[in-house]
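Reading through the structure tokens given below for one structure.
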Amino acid sequence: MEEKYLSEEELKVEKNYLHNKKKFVSLRKRIDFLFVRDNGFSHQGEFVILNYLQKKAVKTRIGFTVTKKMGSATKRNYIKRLIRAILIKNQSKIPDNFDMEIVPKKQFCEIKFTKVESDILDLLKRIKI
């Protein structure tokens, strides 16, 4: 059986395809988070708070705010990974042209993945386009 080897160009294309799979870009700067909080709207779910603002930008930008009250850095990073996994899994349900901030509540750590997922999806449905 003949093994297939990818050229360097094909590897780059494949890597870019996998990397660009998510539909959103991250909010990174503090001023962006504050702008969304001050000028946008907010919905509270059972386990997370969603702050959002409609923009003219093409891509949706999403940021996570996990406070030190949630636990150590390892636990906070785990929470962000869970939320990111939920969003990537359900990326077709994320509306375009929004800046969003997701803030988990204290009960977030004690709840199962499916309940958190349904809570986040419910909040995304409530966004008025």
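By order in the structure tokens, chains are A, B, ...; within a chain, residues start at 1; ligands start at 1, following the order shown.
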Query raised in the report: Could you name the residues that touch region 57-69 of chain A at 8 Å or less, counting only C-alpha atoms, but leaving out those on the same chain fewer than 3 positions away, as a list in words?
Result: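 Neighbouring residues, sequence-local ones excluded: Lys23, Phe24, Val25, Ser26, Leu27, Arg28, Phe33, Ser72, Ala73, Arg76, Ile79, Lys80, Pro95, Asp96, Asn97, Phe98, Asp99, Met100, Glu101, Ile102, Val103, Pro104 and Lys106 of chain A.
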Dump as an mmCIF file, in the first residue's frame, selection limited to N, CA, C and O atoms:
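After the write, result.cif holds the following:
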data_model
loop_
_atom_site.group_PDB
_atom_site.id
_atom_site.type_symbol
_atom_site.label_atom_id
_atom_site.label_comp_id
_atom_site.auth_asym_id
_atom_site.auth_seq_id
_atom_site.Cartn_x
_atom_site.Cartn_y
_atom_site.Cartn_z
ATOM 1 N N LYS A 23 -15.844 30.593 13.844
ATOM 2 C CA LYS A 23 -16.507 31.678 13.134
ATOM 3 C C LYS A 23 -16.238 33.034 13.785
ATOM 4 O O LYS A 23 -16.561 34.057 13.221
ATOM 5 N N PHE A 24 -15.678 33.033 14.956
ATOM 6 C CA PHE A 24 -15.510 34.270 15.697
ATOM 7 C C PHE A 24 -14.048 34.547 16.006
ATOM 8 O O PHE A 24 -13.215 33.659 15.981
ATOM 9 N N VAL A 25 -13.779 35.802 16.315
ATOM 10 C CA VAL A 25 -12.459 36.254 16.722
ATOM 11 C C VAL A 25 -12.585 36.664 18.188
ATOM 12 O O VAL A 25 -13.659 37.020 18.649
ATOM 13 N N SER A 26 -11.504 36.634 18.918
ATOM 14 C CA SER A 26 -11.567 36.968 20.341
ATOM 15 C C SER A 26 -11.487 38.468 20.581
ATOM 16 O O SER A 26 -10.746 39.173 19.909
ATOM 17 N N LEU A 27 -12.268 38.939 21.553
ATOM 18 C CA LEU A 27 -12.084 40.288 22.088
ATOM 19 C C LEU A 27 -10.848 40.219 22.966
ATOM 20 O O LEU A 27 -10.722 39.306 23.783
ATOM 21 N N ARG A 28 -9.929 41.154 22.834
ATOM 22 C CA ARG A 28 -8.690 41.051 23.595
ATOM 23 C C ARG A 28 -8.399 42.268 24.470
ATOM 24 O O ARG A 28 -7.887 42.134 25.554
ATOM 25 N N PHE A 33 -13.849 45.404 25.867
ATOM 26 C CA PHE A 33 -14.753 44.830 26.854
ATOM 27 C C PHE A 33 -15.591 45.926 27.516
ATOM 28 O O PHE A 33 -16.802 45.776 27.683
ATOM 29 N N SER A 72 -8.461 29.049 40.830
ATOM 30 C CA SER A 72 -7.077 29.248 40.396
ATOM 31 C C SER A 72 -7.021 29.469 38.884
ATOM 32 O O SER A 72 -8.012 29.299 38.176
ATOM 33 N N ALA A 73 -5.852 29.820 38.395
ATOM 34 C CA ALA A 73 -5.675 30.074 36.966
ATOM 35 C C ALA A 73 -6.000 28.836 36.145
ATOM 36 O O ALA A 73 -6.586 28.932 35.059
ATOM 37 N N ARG A 76 -9.769 28.642 35.912
ATOM 38 C CA ARG A 76 -10.291 29.696 35.036
ATOM 39 C C ARG A 76 -10.038 29.365 33.567
ATOM 40 O O ARG A 76 -10.912 29.562 32.723
ATOM 41 N N ILE A 79 -12.501 26.724 32.449
ATOM 42 C CA ILE A 79 -13.828 27.304 32.200
ATOM 43 C C ILE A 79 -13.862 27.960 30.824
ATOM 44 O O ILE A 79 -14.814 27.785 30.055
ATOM 45 N N LYS A 80 -12.808 28.704 30.491
ATOM 46 C CA LYS A 80 -12.761 29.351 29.166
ATOM 47 C C LYS A 80 -12.727 28.317 28.047
ATOM 48 O O LYS A 80 -13.369 28.498 27.004
ATOM 49 N N PRO A 95 -24.781 34.637 15.966
ATOM 50 C CA PRO A 95 -25.109 35.666 14.975
ATOM 51 C C PRO A 95 -23.864 36.428 14.523
ATOM 52 O O PRO A 95 -22.887 36.540 15.268
ATOM 53 N N ASP A 96 -23.897 36.927 13.305
ATOM 54 C CA ASP A 96 -22.781 37.701 12.762
ATOM 55 C C ASP A 96 -22.868 39.157 13.217
ATOM 56 O O ASP A 96 -23.924 39.635 13.635
ATOM 57 N N ASN A 97 -21.759 39.864 13.096
ATOM 58 C CA ASN A 97 -21.669 41.309 13.333
ATOM 59 C C ASN A 97 -21.948 41.715 14.773
ATOM 60 O O ASN A 97 -22.597 42.723 15.021
ATOM 61 N N PHE A 98 -21.464 40.937 15.722
ATOM 62 C CA PHE A 98 -21.654 41.276 17.132
ATOM 63 C C PHE A 98 -20.328 41.217 17.870
ATOM 64 O O PHE A 98 -19.429 40.463 17.509
ATOM 65 N N ASP A 99 -20.221 42.040 18.917
ATOM 66 C CA ASP A 99 -19.179 41.894 19.921
ATOM 67 C C ASP A 99 -19.887 41.337 21.150
ATOM 68 O O ASP A 99 -20.916 41.862 21.573
ATOM 69 N N MET A 100 -19.355 40.271 21.714
ATOM 70 C CA MET A 100 -19.992 39.629 22.867
ATOM 71 C C MET A 100 -18.972 39.390 23.971
ATOM 72 O O MET A 100 -17.809 39.120 23.698
ATOM 73 N N GLU A 101 -19.466 39.496 25.190
ATOM 74 C CA GLU A 101 -18.665 39.145 26.362
ATOM 75 C C GLU A 101 -19.463 38.126 27.159
ATOM 76 O O GLU A 101 -20.635 38.346 27.450
ATOM 77 N N ILE A 102 -18.834 37.020 27.495
ATOM 78 C CA ILE A 102 -19.493 35.983 28.283
ATOM 79 C C ILE A 102 -18.820 35.917 29.644
ATOM 80 O O ILE A 102 -17.606 35.759 29.742
ATOM 81 N N VAL A 103 -19.642 36.077 30.693
ATOM 82 C CA VAL A 103 -19.149 36.074 32.073
ATOM 83 C C VAL A 103 -19.825 34.926 32.812
ATOM 84 O O VAL A 103 -21.031 34.963 33.038
ATOM 85 N N PRO A 104 -19.078 33.883 33.195
ATOM 86 C CA PRO A 104 -19.689 32.780 33.946
ATOM 87 C C PRO A 104 -19.966 33.179 35.394
ATOM 88 O O PRO A 104 -19.221 33.959 35.985
ATOM 89 N N LYS A 106 -20.810 31.990 39.548
ATOM 90 C CA LYS A 106 -20.141 31.078 40.481
ATOM 91 C C LYS A 106 -20.606 29.627 40.354
ATOM 92 O O LYS A 106 -19.823 28.705 40.503
#
Report task. With a distance cut-off of 10 Å and only C-alpha atoms, select the neighbouring residues of Asn90 (chain A), excluding the residue or stretch itself and same-chain residues fewer than 2 positions from it, and output the selection as a PyMOL selection string. Result -> chain A and resi 22-23+84-88+92-94+117+120-121
Query raised in the report: Running DSSP on the backbone, which parts of chain A land in helix (DSSP H, G or I), as a ChimeraX atom specification?
Result: /A:8-19,30-39,68-70,73-89,91-93,106-110,113-126
**Report entry** Those in chain A with strand (DSSP E) from DSSP, as a PyMOL selection string
**Finding:** chain A and resi 24-26+41-44+48-54+60-64+98-104
Query - Top pick for closest residue to Phe41 (chain A), considering A:Leu82, A:Cys109, A:Leu53, A:Met70 and counting only C-alpha atoms - result: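 Once distances to Phe41 (chain A) are computed over only C-alpha atoms, the minimum belongs to A:Leu53.
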Requested in this report: Have a look at A:Gln44, A:Tyr52, A:Asn77, A:Gln91 and name the one nearest to Lys105 (chain A); count only C-alpha atoms.
Outcome: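 Among the listed residues, the smallest separation from Lys105 (chain A) belongs to A:Gln44.
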